[in-house]
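*Asks:* Contents are PDB, C-alpha atoms (C1' of nucleotides); file name input_10.pdb:
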```pdb
ATOM      1  CA  MET A 535      -2.310  14.636   5.999
ATOM      2  CA  ALA A 536      -2.650  13.283   9.491
ATOM      3  CA  LYS A 537      -0.114  14.327  12.083
ATOM      4  CA  ILE A 538       1.994  11.498  13.364
ATOM      5  CA  SER A 539       3.135  12.992  16.662
ATOM      6  CA  PRO A 540       6.345  10.974  16.544
ATOM      7  CA  CYS A 541       7.242  11.706  20.124
ATOM      8  CA  CYS A 542       4.254   9.871  21.491
ATOM      9  CA  SER A 543       3.414   6.953  19.312
ATOM     10  CA  PRO A 544       6.274   4.679  18.396
ATOM     11  CA  VAL A 545       4.725   1.469  17.252
ATOM     12  CA  LEU A 546       6.723  -0.691  19.617
ATOM     13  CA  ALA A 547       6.414   1.479  22.700
ATOM     14  CA  GLY A 548       3.185  -0.171  23.683
ATOM     15  CA  PRO A 549      -0.449  -0.390  22.614
ATOM     16  CA  LEU A 550      -1.392   2.064  19.894
ATOM     17  CA  THR A 551      -4.595   4.005  19.946
ATOM     18  CA  LYS A 552      -6.874   3.478  17.002
ATOM     19  CA  GLU A 553      -6.143   7.007  15.821
ATOM     20  CA  ASN A 554      -2.395   6.656  15.949
ATOM     21  CA  ALA A 555      -2.650   3.329  14.185
ATOM     22  CA  ASP A 556      -4.750   4.870  11.435
ATOM     23  CA  GLU A 557      -2.356   7.766  10.988
ATOM     24  CA  LEU A 558       0.713   5.594  10.801
ATOM     25  CA  ALA A 559      -0.945   2.984   8.633
ATOM     26  CA  SER A 560      -1.948   5.523   6.019
ATOM     27  CA  ALA A 561       1.618   6.812   5.899
ATOM     28  CA  PHE A 562       3.132   3.355   5.555
ATOM     29  CA  LYS A 563       0.503   2.444   3.017
ATOM     30  CA  ALA A 564       1.772   5.307   0.886
ATOM     31  CA  LEU A 565       5.197   3.667   1.012
ATOM     32  CA  GLY A 566       3.740   0.261   0.212
ATOM     33  CA  ASP A 567       3.920   0.528  -3.543
ATOM     34  CA  PRO A 568       7.045  -0.126  -5.595
ATOM     35  CA  GLY A 569       6.222   2.606  -8.067
ATOM     36  CA  ARG A 570       5.944   5.167  -5.323
ATOM     37  CA  LEU A 571       9.205   4.066  -3.722
ATOM     38  CA  GLN A 572      10.906   4.409  -7.081
ATOM     39  CA  LEU A 573       9.440   7.854  -7.522
ATOM     40  CA  LEU A 574      10.855   8.867  -4.146
ATOM     41  CA  GLY A 575      14.215   7.458  -5.158
ATOM     42  CA  PHE A 576      14.252   9.246  -8.491
ATOM     43  CA  ILE A 577      13.294  12.544  -6.968
ATOM     44  CA  ALA A 578      15.874  12.227  -4.212
ATOM     45  CA  ALA A 579      18.491  11.341  -6.823
ATOM     46  CA  GLN A 580      18.170  14.647  -8.622
ATOM     47  CA  PRO A 581      20.989  17.097  -7.999
ATOM     48  CA  GLU A 582      18.507  19.722  -6.920
ATOM     49  CA  GLY A 583      16.499  17.213  -4.935
ATOM     50  CA  GLU A 584      13.403  17.924  -6.960
ATOM     51  CA  ALA A 585      11.816  16.737 -10.173
ATOM     52  CA  CYS A 586       8.870  17.598 -12.364
ATOM     53  CA  VAL A 587       6.280  15.072 -13.430
ATOM     54  CA  CYS A 588       7.447  14.916 -17.019
ATOM     55  CA  PHE A 589      10.842  13.746 -15.844
ATOM     56  CA  LEU A 590       9.393  10.906 -13.801
ATOM     57  CA  THR A 591       7.130   9.354 -16.387
ATOM     58  CA  GLU A 592       9.842   7.744 -18.438
ATOM     59  CA  PRO A 593      12.162   6.059 -15.886
ATOM     60  CA  THR A 594       9.314   4.422 -13.983
ATOM     61  CA  GLY A 595       7.638   3.080 -17.094
ATOM     62  CA  LEU A 596       4.285   4.294 -15.827
ATOM     63  CA  SER A 597       1.787   6.405 -17.691
ATOM     64  CA  GLN A 598       1.550  10.079 -16.897
ATOM     65  CA  PRO A 599      -1.828   9.791 -15.117
ATOM     66  CA  THR A 600      -0.481   6.970 -12.971
ATOM     67  CA  VAL A 601       2.604   8.957 -12.017
ATOM     68  CA  SER A 602       0.419  11.933 -11.226
ATOM     69  CA  HIS A 603      -1.777   9.741  -9.072
ATOM     70  CA  HIS A 604       1.161   8.338  -7.119
ATOM     71  CA  LEU A 605       2.625  11.775  -6.587
ATOM     72  CA  LYS A 606      -0.715  12.903  -5.266
ATOM     73  CA  VAL A 607      -0.789  10.014  -2.811
ATOM     74  CA  LEU A 608       2.736  10.755  -1.640
ATOM     75  CA  HIS A 609       1.920  14.424  -1.328
ATOM     76  CA  ALA A 610      -1.240  13.652   0.651
ATOM     77  CA  ALA A 611       0.847  11.492   2.970
ATOM     78  CA  GLY A 612       3.169  14.417   3.537
ATOM     79  CA  LEU A 613       6.111  12.641   1.975
ATOM     80  CA  LEU A 614       6.440  15.034  -0.953
ATOM     81  CA  ASP A 615       6.328  18.797  -1.161
ATOM     82  CA  ARG A 616       4.706  20.324  -4.203
ATOM     83  CA  ASP A 617       5.997  23.434  -5.923
ATOM     84  CA  LYS A 618       4.222  24.728  -8.991
ATOM     85  CA  ARG A 619       6.420  26.942 -11.153
ATOM     86  CA  GLY A 620       4.670  28.086 -14.269
ATOM     87  CA  ALA A 621       3.370  25.147 -16.234
ATOM     88  CA  TRP A 622       5.712  22.757 -14.395
ATOM     89  CA  VAL A 623       5.175  21.177 -11.014
ATOM     90  CA  TYR A 624       8.231  20.217  -9.000
ATOM     91  CA  TYR A 625       8.109  17.612  -6.275
ATOM     92  CA  ARG A 626      10.625  17.360  -3.455
ATOM     93  CA  VAL A 627      11.068  14.765  -0.710
ATOM     94  CA  ASN A 628       9.958  15.913   2.728
ATOM     95  CA  CYS A 629      12.813  14.565   4.804
ATOM     96  CA  GLY A 630      11.222  15.647   8.048
ATOM     97  CA  ARG A 631       8.239  13.466   7.424
ATOM     98  CA  ILE A 632      10.481  10.532   6.568
ATOM     99  CA  GLU A 633      12.289  11.044   9.847
ATOM    100  CA  ASP A 634       8.983  11.037  11.686
ATOM    101  CA  LEU A 635       8.206   7.640  10.235
ATOM    102  CA  ARG A 636      11.647   6.387  11.134
ATOM    103  CA  SER A 637      11.238   7.436  14.728
ATOM    104  CA  ALA A 638       7.820   5.805  14.818
ATOM    105  CA  LEU A 639       9.620   2.551  14.081
ATOM    106  CA  ALA A 640      12.156   3.041  16.851
ATOM    107  CA  THR A 641      12.627  -0.172  18.780
ATOM    108  CA  ARG A 642      12.190   0.047  22.534
ATOM    109  CA  PRO A 643      12.453   3.829  22.657
ATOM    110  CA  ALA A 644      12.987   4.520  26.333
ATOM    111  CA  ARG A 645      11.521   1.724  28.389
ATOM    112  CA  ALA A 646      14.367  -0.572  29.369
ATOM    113  CA  ARG A 647      14.732  -3.361  26.915
ATOM    114  CA  VAL A 648      13.157  -6.613  28.081
ATOM    115  CA  THR A 649      16.131  -8.729  28.981
ATOM    116  CA  LYS A 650      14.636 -12.018  27.944
ATOM    117  CA  ARG A 651      15.433 -13.777  31.187
ATOM    118  CA  ALA A 652      13.647 -16.827  29.942
ATOM    119  CA  SER A 653      12.163 -19.069  32.599
TER     120      SER A 653
ATOM    121  CA  MET B 137      10.246 -13.053   2.953
ATOM    122  CA  ALA B 138      12.380 -11.004   0.626
ATOM    123  CA  LYS B 139      15.721  -9.781   1.895
ATOM    124  CA  ILE B 140      15.991  -6.047   2.084
ATOM    125  CA  SER B 141      19.751  -5.639   1.948
ATOM    126  CA  PRO B 142      19.565  -2.486   4.031
ATOM    127  CA  CYS B 143      23.147  -1.520   3.344
ATOM    128  CA  CYS B 144      22.543  -1.037  -0.345
ATOM    129  CA  SER B 145      19.059   0.255  -0.939
ATOM    130  CA  PRO B 146      18.017   3.227   1.132
ATOM    131  CA  VAL B 147      15.061   4.708  -0.624
ATOM    132  CA  LEU B 148      16.493   8.192  -0.752
ATOM    133  CA  ALA B 149      20.038   7.267  -1.761
ATOM    134  CA  GLY B 150      19.147   7.349  -5.420
ATOM    135  CA  PRO B 151      17.149   5.420  -7.999
ATOM    136  CA  LEU B 152      15.850   2.084  -6.713
ATOM    137  CA  THR B 153      15.973  -1.060  -8.767
ATOM    138  CA  LYS B 154      12.636  -2.688  -9.445
ATOM    139  CA  GLU B 155      13.604  -5.574  -7.174
ATOM    140  CA  ASN B 156      14.574  -3.402  -4.240
ATOM    141  CA  ALA B 157      11.411  -1.404  -4.693
ATOM    142  CA  ASP B 158       9.323  -4.565  -4.671
ATOM    143  CA  GLU B 159      11.031  -5.881  -1.556
ATOM    144  CA  LEU B 160      10.657  -2.686   0.385
ATOM    145  CA  ALA B 161       7.119  -2.062  -0.809
ATOM    146  CA  SER B 162       5.925  -5.457   0.389
ATOM    147  CA  ALA B 163       7.437  -4.803   3.802
ATOM    148  CA  PHE B 164       5.870  -1.362   4.110
ATOM    149  CA  LYS B 165       2.594  -2.718   2.824
ATOM    150  CA  ALA B 166       2.571  -5.079   5.775
ATOM    151  CA  LEU B 167       2.826  -2.032   8.023
ATOM    152  CA  GLY B 168       0.090  -0.233   6.099
ATOM    153  CA  ASP B 169      -2.843  -1.554   8.073
ATOM    154  CA  PRO B 170      -3.983  -0.136  11.414
ATOM    155  CA  GLY B 171      -4.927  -3.535  12.755
ATOM    156  CA  ARG B 172      -1.475  -4.889  12.069
ATOM    157  CA  LEU B 173       0.206  -1.888  13.660
ATOM    158  CA  GLN B 174      -1.922  -2.371  16.731
ATOM    159  CA  LEU B 175      -1.003  -6.029  16.830
ATOM    160  CA  LEU B 176       2.664  -5.078  16.751
ATOM    161  CA  GLY B 177       2.071  -2.603  19.538
ATOM    162  CA  PHE B 178       0.215  -5.079  21.702
ATOM    163  CA  ILE B 179       2.841  -7.746  21.242
ATOM    164  CA  ALA B 180       5.673  -5.353  21.991
ATOM    165  CA  ALA B 181       3.798  -4.150  25.058
ATOM    166  CA  GLN B 182       3.852  -7.548  26.718
ATOM    167  CA  PRO B 183       6.361  -7.933  29.532
ATOM    168  CA  GLU B 184       7.848 -10.945  27.827
ATOM    169  CA  GLY B 185       7.714  -9.269  24.434
ATOM    170  CA  GLU B 186       5.530 -12.011  23.061
ATOM    171  CA  ALA B 187       1.862 -12.864  22.877
ATOM    172  CA  CYS B 188      -0.344 -15.711  21.767
ATOM    173  CA  VAL B 189      -3.204 -15.265  19.325
ATOM    174  CA  CYS B 190      -5.897 -15.733  21.926
ATOM    175  CA  PHE B 191      -4.569 -12.721  23.802
ATOM    176  CA  LEU B 192      -4.691 -10.499  20.716
ATOM    177  CA  THR B 193      -8.226 -11.191  19.577
ATOM    178  CA  GLU B 194      -9.963  -9.186  22.257
ATOM    179  CA  PRO B 195      -8.050  -5.855  22.403
ATOM    180  CA  THR B 196      -8.085  -5.363  18.636
ATOM    181  CA  GLY B 197     -11.779  -6.101  18.287
ATOM    182  CA  LEU B 198     -11.092  -8.363  15.315
ATOM    183  CA  SER B 199     -12.254 -11.910  14.835
ATOM    184  CA  GLN B 200      -9.829 -14.750  15.470
ATOM    185  CA  PRO B 201      -9.402 -15.637  11.779
ATOM    186  CA  THR B 202      -8.689 -12.016  10.948
ATOM    187  CA  VAL B 203      -6.079 -11.750  13.683
ATOM    188  CA  SER B 204      -4.527 -14.973  12.495
ATOM    189  CA  HIS B 205      -4.450 -13.623   8.959
ATOM    190  CA  HIS B 206      -2.738 -10.395   9.989
ATOM    191  CA  LEU B 207      -0.193 -12.264  12.058
ATOM    192  CA  LYS B 208       0.553 -14.421   9.051
ATOM    193  CA  VAL B 209       1.102 -11.348   6.900
ATOM    194  CA  LEU B 210       3.420  -9.821   9.493
ATOM    195  CA  HIS B 211       5.261 -13.088   9.839
ATOM    196  CA  ALA B 212       5.637 -13.416   6.078
ATOM    197  CA  ALA B 213       7.061  -9.895   6.006
ATOM    198  CA  GLY B 214       9.619 -10.925   8.587
ATOM    199  CA  LEU B 215       8.269  -8.522  11.175
ATOM    200  CA  LEU B 216       7.122 -11.220  13.592
ATOM    201  CA  ASP B 217       8.782 -14.388  14.782
ATOM    202  CA  ARG B 218       6.556 -17.377  15.359
ATOM    203  CA  ASP B 219       7.060 -19.798  18.218
ATOM    204  CA  LYS B 220       4.680 -22.687  18.587
ATOM    205  CA  ARG B 221       4.599 -24.089  22.105
ATOM    206  CA  GLY B 222       2.102 -26.859  22.474
ATOM    207  CA  ALA B 223      -1.316 -25.791  21.379
ATOM    208  CA  TRP B 224      -0.380 -22.133  21.707
ATOM    209  CA  VAL B 225       1.505 -19.993  19.191
ATOM    210  CA  TYR B 226       3.524 -17.081  20.484
ATOM    211  CA  TYR B 227       4.473 -14.168  18.282
ATOM    212  CA  ARG B 228       7.375 -11.836  18.949
ATOM    213  CA  VAL B 229       8.473  -8.652  17.198
ATOM    214  CA  ASN B 230      11.575  -9.051  15.046
ATOM    215  CA  CYS B 231      13.430  -5.897  16.009
ATOM    216  CA  GLY B 232      16.203  -6.551  13.521
ATOM    217  CA  ARG B 233      13.782  -6.447  10.665
ATOM    218  CA  ILE B 234      12.260  -3.242  11.968
ATOM    219  CA  GLU B 235      15.723  -1.736  12.109
ATOM    220  CA  ASP B 236      16.329  -2.757   8.511
ATOM    221  CA  LEU B 237      13.249  -0.846   7.480
ATOM    222  CA  ARG B 238      14.331   2.152   9.512
ATOM    223  CA  SER B 239      17.698   2.242   7.812
ATOM    224  CA  ALA B 240      16.020   1.925   4.442
ATOM    225  CA  LEU B 241      14.324   5.216   5.245
ATOM    226  CA  ALA B 242      17.561   6.949   6.199
ATOM    227  CA  THR B 243      17.691  10.415   4.686
ATOM    228  CA  ARG B 244      20.776  11.236   2.653
ATOM    229  CA  PRO B 245      22.818   8.343   4.033
ATOM    230  CA  ALA B 246      26.349   9.188   2.988
ATOM    231  CA  ARG B 247      26.306  11.411  -0.049
ATOM    232  CA  ALA B 248      26.808  14.960   1.144
ATOM    233  CA  ARG B 249      23.506  16.619   1.745
ATOM    234  CA  VAL B 250      22.414  18.852  -1.115
ATOM    235  CA  THR B 251      23.047  22.271   0.261
ATOM    236  CA  LYS B 252      20.110  23.956  -1.402
ATOM    237  CA  ARG B 253      22.123  26.854  -2.729
ATOM    238  CA  ALA B 254      19.075  28.086  -4.531
ATOM    239  CA  SER B 255      19.690  30.039  -7.743
TER     240      SER B 255
ATOM    241  C1'  DG C 297      -6.665  35.169 -28.674
ATOM    242  C1'  DC C 298      -4.968  30.783 -30.013
ATOM    243  C1'  DC C 299      -2.011  26.943 -29.798
ATOM    244  C1'  DA C 300       1.025  23.688 -27.670
ATOM    245  C1'  DG C 301       2.692  21.486 -23.748
ATOM    246  C1'  DC C 302       2.369  20.091 -18.772
ATOM    247  C1'  DC C 303      -0.372  18.340 -15.285
ATOM    248  C1'  DA C 304      -4.699  16.795 -12.906
ATOM    249  C1'  DT C 305      -9.101  14.604 -12.976
ATOM    250  C1'  DC C 306     -12.594  11.281 -14.596
ATOM    251  C1'  DG C 307     -14.434   6.803 -15.784
ATOM    252  C1'  DA C 308     -13.643   2.108 -16.359
ATOM    253  C1'  DT C 309     -11.462  -2.211 -15.396
ATOM    254  C1'  DG C 310      -9.144  -5.888 -13.228
ATOM    255  C1'  DC C 311      -6.678  -7.412  -9.262
ATOM    256  C1'  DA C 312      -5.505  -7.330  -4.353
ATOM    257  C1'  DT C 313      -7.028  -7.311   0.272
ATOM    258  C1'  DG C 314      -9.617  -6.957   4.793
ATOM    259  C1'  DT C 315     -13.183  -9.286   7.025
ATOM    260  C1'  DC C 316     -15.937 -12.950   8.891
ATOM    261  C1'  DA C 317     -18.520 -17.589   9.375
ATOM    262  C1'  DA C 318     -17.665 -22.191   8.884
ATOM    263  C1'  DT C 319     -14.564 -25.727   8.964
ATOM    264  C1'  DA C 320     -10.237 -28.159   9.328
ATOM    265  C1'  DT C 321      -5.970 -29.116  11.813
ATOM    266  C1'  DC C 322      -3.115 -29.615  15.642
ATOM    267  C1'  DC C 323      -2.172 -30.482  20.487
ATOM    268  C1'  DC C 324      -2.852 -31.626  25.211
ATOM    269  C1'  DC C 325      -5.143 -34.199  28.712
ATOM    270  C1'  DC C 326      -8.083 -37.636  30.620
TER     271       DC C 326
ATOM    272  C1'  DG D 938      -8.263 -42.660  21.508
ATOM    273  C1'  DG D 939     -11.712 -39.317  22.332
ATOM    274  C1'  DG D 940     -12.890 -34.670  23.679
ATOM    275  C1'  DG D 941     -11.988 -29.859  24.108
ATOM    276  C1'  DG D 942      -9.470 -25.776  23.224
ATOM    277  C1'  DA D 943      -6.151 -22.926  20.319
ATOM    278  C1'  DT D 944      -4.850 -21.738  15.444
ATOM    279  C1'  DA D 945      -4.955 -21.958  10.689
ATOM    280  C1'  DT D 946      -7.313 -22.465   6.383
ATOM    281  C1'  DT D 947     -11.163 -22.044   3.207
ATOM    282  C1'  DG D 948     -14.860 -19.730   0.831
ATOM    283  C1'  DA D 949     -17.389 -15.729   0.100
ATOM    284  C1'  DC D 950     -18.128 -10.985  -0.006
ATOM    285  C1'  DA D 951     -17.300  -6.158  -0.217
ATOM    286  C1'  DT D 952     -14.093  -2.728  -0.571
ATOM    287  C1'  DG D 953      -9.945  -0.599  -2.009
ATOM    288  C1'  DC D 954      -6.467   0.315  -5.251
ATOM    289  C1'  DA D 955      -3.249   0.428  -9.290
ATOM    290  C1'  DT D 956      -3.546   1.299 -13.916
ATOM    291  C1'  DC D 957      -4.688   3.391 -18.254
ATOM    292  C1'  DG D 958      -7.121   6.163 -22.051
ATOM    293  C1'  DA D 959      -9.619  10.183 -22.659
ATOM    294  C1'  DT D 960     -10.458  14.632 -21.340
ATOM    295  C1'  DG D 961     -10.235  19.083 -18.921
ATOM    296  C1'  DG D 962      -7.672  23.077 -16.810
ATOM    297  C1'  DC D 963      -3.499  26.086 -16.778
ATOM    298  C1'  DT D 964       0.379  28.386 -18.355
ATOM    299  C1'  DG D 965       3.537  30.431 -21.487
ATOM    300  C1'  DG D 966       4.713  31.827 -26.134
ATOM    301  C1'  DC D 967       3.503  33.397 -30.794
TER     302       DC D 967
END
```
Re-express the file's structure as structure tokens.

*Replies:*
Amino acid sequence: MAKISPCCSPVLAGPLTKENADELASAFKALGDPGRLQLLGFIAAQPEGEACVCFLTEPTGLSQPTVSHHLKVLHAAGLLDRDKRGAWVYYRVNCGRIEDLRSALATRPARARVTKRAS
Amino acid sequence: MAKISPCCSPVLAGPLTKENADELASAFKALGDPGRLQLLGFIAAQPEGEACVCFLTEPTGLSQPTVSHHLKVLHAAGLLDRDKRGAWVYYRVNCGRIEDLRSALATRPARARVTKRAS
DNA sequence: GCCAGCCATCGATGCATGTCAATATCCCCC
DNA sequence: GGGGGATATTGACATGCATCGATGGCTGGC
């Protein structure tokens, strides 16, 4: 899981280095699938904030290997934490990572907003 | 460009409908490419907040058709505004759309945060 | 130790996408 | 209206990815 260094690489703060762009792109790519977004939503919707794989197979309508694959992608992107308890594996949303992505999308972070004094 | 209805579909607020998931996923997918993130960064870095295609070909190291393709994808996702002035086409970051995506990633929007009173 | 259930991996398949060369389209200017 | 430059589109190619069935690895219970 690549570090995002949210304090230094908001997308709109200026030119991105290739490395920062790669890091951020891989994270957003993980969010770029409806099944994965639904999985995040289902997990976050649980009272305990966590869910095992067997619980997620049915509501998404995806096969168990596909769900497992998506969870792996989300985990690799740092968006899910994995907790194996006996035969079950519980996944939990990593809110800190989500916040990092949010801050990477911050518009005009510090630099004074361009005041569009057209012509 | 699908509407995101940011007020009603934060990813982590609970289960997502298939439609909301599709809308959000297509938007994040547009962000899931390093070249496109760099394009956003370069455009936002301009003093006027806008840039024409010819200016973006060189710093990204991509061919002109590829840049044009990425700009089209970003425009289709609502992330860039297009302004044709004569023979030139100027692209500008749509900050409102970016903000919509940010709010869609809001963690635990209203519902009281699960207080993790473990066991 | 064996069996059943949960999860991950593997292999295969079909579709989406990033990329570029070539070409078309549009616009300004002479 | 013809020429030149800026963009967009097309066609082709390779790669990536989502998906599933089949299978393997673990874990707990009998």

*Asks:* When you look at Val147 (chain B) with a cut-off of 9 Å (counting all atoms listed in the file), what residues show up, excluding the ones that are within fewer than 3 positions of it in the same chain? I need them as number ranges by chain.

*Replies:* A: 571-572, 574-575, 578; B: 150-152, 156-157, 160, 240-243

*Asks:* Selection from above, C-alpha atoms, as a short mmCIF file (atom, residue, chain, number, x, y, z; two decimals), in the frame of the given file, can you write it?

*Replies:*
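Writing the result to part-v1.cif gives the following:
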```
data_model
loop_
_atom_site.label_atom_id
_atom_site.label_comp_id
_atom_site.auth_asym_id
_atom_site.auth_seq_id
_atom_site.Cartn_x
_atom_site.Cartn_y
_atom_site.Cartn_z
CA LEU A 571 9.20 4.07 -3.72
CA GLN A 572 10.91 4.41 -7.08
CA LEU A 574 10.86 8.87 -4.15
CA GLY A 575 14.22 7.46 -5.16
CA ALA A 578 15.87 12.23 -4.21
CA GLY B 150 19.15 7.35 -5.42
CA PRO B 151 17.15 5.42 -8.00
CA LEU B 152 15.85 2.08 -6.71
CA ASN B 156 14.57 -3.40 -4.24
CA ALA B 157 11.41 -1.40 -4.69
CA LEU B 160 10.66 -2.69 0.38
CA ALA B 240 16.02 1.92 4.44
CA LEU B 241 14.32 5.22 5.24
CA ALA B 242 17.56 6.95 6.20
CA THR B 243 17.69 10.42 4.69
#
```

*Asks:* Between A:Pro599, A:Ala559, A:Ala579, A:Thr591, which has the minimum distance to DC306 (chain C) (counting all atoms listed in the file)?

*Replies:* A:Pro599

*Asks:* Is it possible to get the superposed chain A, fitted on chain B over all Cα pairs by sequence order, as a short mmCIF file (atom, residue, chain, number, x, y, z; two decimals) with C-alpha atoms, in the frame of the given file?

*Replies:*
```
data_model
loop_
_atom_site.label_atom_id
_atom_site.label_comp_id
_atom_site.auth_asym_id
_atom_site.auth_seq_id
_atom_site.Cartn_x
_atom_site.Cartn_y
_atom_site.Cartn_z
CA MET A 535 10.26 -12.99 3.00
CA ALA A 536 12.39 -10.95 0.67
CA LYS A 537 15.75 -9.73 1.89
CA ILE A 538 16.00 -6.00 2.14
CA SER A 539 19.78 -5.60 2.03
CA PRO A 540 19.58 -2.43 4.10
CA CYS A 541 23.15 -1.45 3.41
CA CYS A 542 22.55 -0.99 -0.28
CA SER A 543 19.09 0.28 -0.88
CA PRO A 544 18.01 3.23 1.19
CA VAL A 545 15.06 4.72 -0.58
CA LEU A 546 16.51 8.20 -0.71
CA ALA A 547 20.03 7.27 -1.71
CA GLY A 548 19.14 7.34 -5.36
CA PRO A 549 17.15 5.40 -7.94
CA LEU A 550 15.84 2.08 -6.68
CA THR A 551 15.95 -1.04 -8.73
CA LYS A 552 12.62 -2.67 -9.42
CA GLU A 553 13.58 -5.55 -7.15
CA ASN A 554 14.55 -3.39 -4.22
CA ALA A 555 11.39 -1.37 -4.66
CA ASP A 556 9.29 -4.53 -4.63
CA GLU A 557 11.01 -5.85 -1.53
CA LEU A 558 10.64 -2.64 0.41
CA ALA A 559 7.11 -2.02 -0.78
CA SER A 560 5.91 -5.41 0.41
CA ALA A 561 7.43 -4.75 3.82
CA PHE A 562 5.87 -1.31 4.14
CA LYS A 563 2.60 -2.66 2.85
CA ALA A 564 2.60 -5.04 5.80
CA LEU A 565 2.84 -2.00 8.06
CA GLY A 566 0.11 -0.20 6.14
CA ASP A 567 -2.81 -1.52 8.12
CA PRO A 568 -3.96 -0.11 11.45
CA GLY A 569 -4.90 -3.52 12.79
CA ARG A 570 -1.45 -4.86 12.09
CA LEU A 571 0.24 -1.86 13.70
CA GLN A 572 -1.90 -2.38 16.77
CA LEU A 573 -0.98 -6.03 16.85
CA LEU A 574 2.70 -5.09 16.78
CA GLY A 575 2.10 -2.62 19.58
CA PHE A 576 0.23 -5.12 21.73
CA ILE A 577 2.84 -7.78 21.27
CA ALA A 578 5.68 -5.38 22.02
CA ALA A 579 3.81 -4.21 25.12
CA GLN A 580 3.86 -7.63 26.73
CA PRO A 581 6.35 -8.04 29.55
CA GLU A 582 7.84 -11.04 27.83
CA GLY A 583 7.70 -9.36 24.45
CA GLU A 584 5.52 -12.09 23.06
CA ALA A 585 1.84 -12.93 22.86
CA CYS A 586 -0.36 -15.76 21.72
CA VAL A 587 -3.20 -15.32 19.27
CA CYS A 588 -5.92 -15.76 21.85
CA PHE A 589 -4.58 -12.78 23.75
CA LEU A 590 -4.69 -10.53 20.70
CA THR A 591 -8.21 -11.20 19.54
CA GLU A 592 -9.95 -9.22 22.23
CA PRO A 593 -8.02 -5.90 22.42
CA THR A 594 -8.04 -5.36 18.67
CA GLY A 595 -11.73 -6.08 18.30
CA LEU A 596 -11.02 -8.30 15.32
CA SER A 597 -12.22 -11.83 14.79
CA GLN A 598 -9.82 -14.68 15.39
CA PRO A 599 -9.43 -15.53 11.68
CA THR A 600 -8.67 -11.90 10.90
CA VAL A 601 -6.05 -11.70 13.64
CA SER A 602 -4.54 -14.94 12.41
CA HIS A 603 -4.44 -13.55 8.90
CA HIS A 604 -2.70 -10.35 9.97
CA LEU A 605 -0.17 -12.25 12.02
CA LYS A 606 0.55 -14.38 9.00
CA VAL A 607 1.14 -11.29 6.89
CA LEU A 608 3.45 -9.80 9.49
CA HIS A 609 5.28 -13.08 9.84
CA ALA A 610 5.66 -13.37 6.06
CA ALA A 611 7.09 -9.86 6.02
CA GLY A 612 9.64 -10.92 8.61
CA LEU A 613 8.29 -8.53 11.20
CA LEU A 614 7.14 -11.24 13.59
CA ASP A 615 8.78 -14.42 14.79
CA ARG A 616 6.56 -17.42 15.34
CA ASP A 617 7.02 -19.86 18.19
CA LYS A 618 4.63 -22.76 18.56
CA ARG A 619 4.54 -24.17 22.08
CA GLY A 620 2.04 -26.94 22.45
CA ALA A 621 -1.39 -25.82 21.35
CA TRP A 622 -0.39 -22.15 21.68
CA VAL A 623 1.48 -20.05 19.16
CA TYR A 624 3.52 -17.14 20.45
CA TYR A 625 4.46 -14.21 18.26
CA ARG A 626 7.37 -11.88 18.95
CA VAL A 627 8.49 -8.68 17.22
CA ASN A 628 11.58 -9.07 15.07
CA CYS A 629 13.43 -5.92 16.04
CA GLY A 630 16.20 -6.54 13.56
CA ARG A 631 13.79 -6.43 10.69
CA ILE A 632 12.26 -3.22 12.02
CA GLU A 633 15.73 -1.71 12.15
CA ASP A 634 16.33 -2.74 8.56
CA LEU A 635 13.25 -0.82 7.51
CA ARG A 636 14.33 2.17 9.55
CA SER A 637 17.70 2.26 7.87
CA ALA A 638 16.03 1.94 4.49
CA LEU A 639 14.32 5.23 5.29
CA ALA A 640 17.55 6.95 6.25
CA THR A 641 17.70 10.40 4.73
CA ARG A 642 20.79 11.21 2.69
CA PRO A 643 22.82 8.30 4.05
CA ALA A 644 26.35 9.17 3.00
CA ARG A 645 26.27 11.38 -0.05
CA ALA A 646 26.74 14.95 1.12
CA ARG A 647 23.45 16.61 1.68
CA VAL A 648 22.38 18.85 -1.19
CA THR A 649 22.91 22.31 0.18
CA LYS A 650 20.03 23.92 -1.61
CA ARG A 651 22.07 26.77 -3.02
CA ALA A 652 19.05 27.98 -4.88
CA SER A 653 19.73 29.92 -8.05
#
```

*Asks:* Closest to DC963 (chain D) among A:Val623, A:Val587, A:Leu596, A:Ala610, using all atoms listed in the file?

*Replies:*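 Looking only at the distances to DC963 (chain D), the closest residue turns out to be A:Val623.
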
*Asks:* Which protein, DNA or RNA residues are at most 9 Å from (-12.3, -21.5, 6.8) in the file's coordinates when you count all atoms listed in the file, listed as a ChimeraX atom specification?

*Replies:* /B:201 /C:317-320 /D:945-948

*Asks:* Pull out every residue of chain B that has at least one atom within 12 Å of chain C, counting only C-alpha atoms (C1' of nucleotides), and report them as a PyMOL selection string.

*Replies:* chain B and resi 165-166+168-172+197-206+209+220-225

*Asks:* Could you list, as a list in words, every residue matched by the PyMOL selection byres ((chain D) within 9 of (chain A)) in this structure?

*Replies:*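 Applying the PyMOL selection byres ((chain D) within 9 of (chain A)) to the structure shown produces DA955, DT956, DC957, DC963, DT964 and DG965 of chain D.
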
*Asks:* Got a sec: who's within 8 Å of Gly583 (chain A), counting all atoms listed in the file, leaving out chain neighbours fewer than 5 positions off, as a PyMOL selection string?

*Replies:* (chain A and resi 577-578+626-627) or (chain B and resi 250)

*Asks:* To one decimal in Å, tell me the separation between C1' of DG939 (chain D) and CA of Cys188 (chain B).

*Replies:*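 Here the two named atoms are 26.2 Å from each other.
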
*Asks:* In Å, rounded to a single decimal, give me how far CA of Asn628 (chain A) is from CA of Gly214 (chain B).

*Replies:*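 The value is 27.5 Å.
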
*Asks:* Could you tell me how far CA of Pro195 (chain B) lies from CA of Ala163 (chain B), in Å and to one decimal?

*Replies:* 24.2 Å
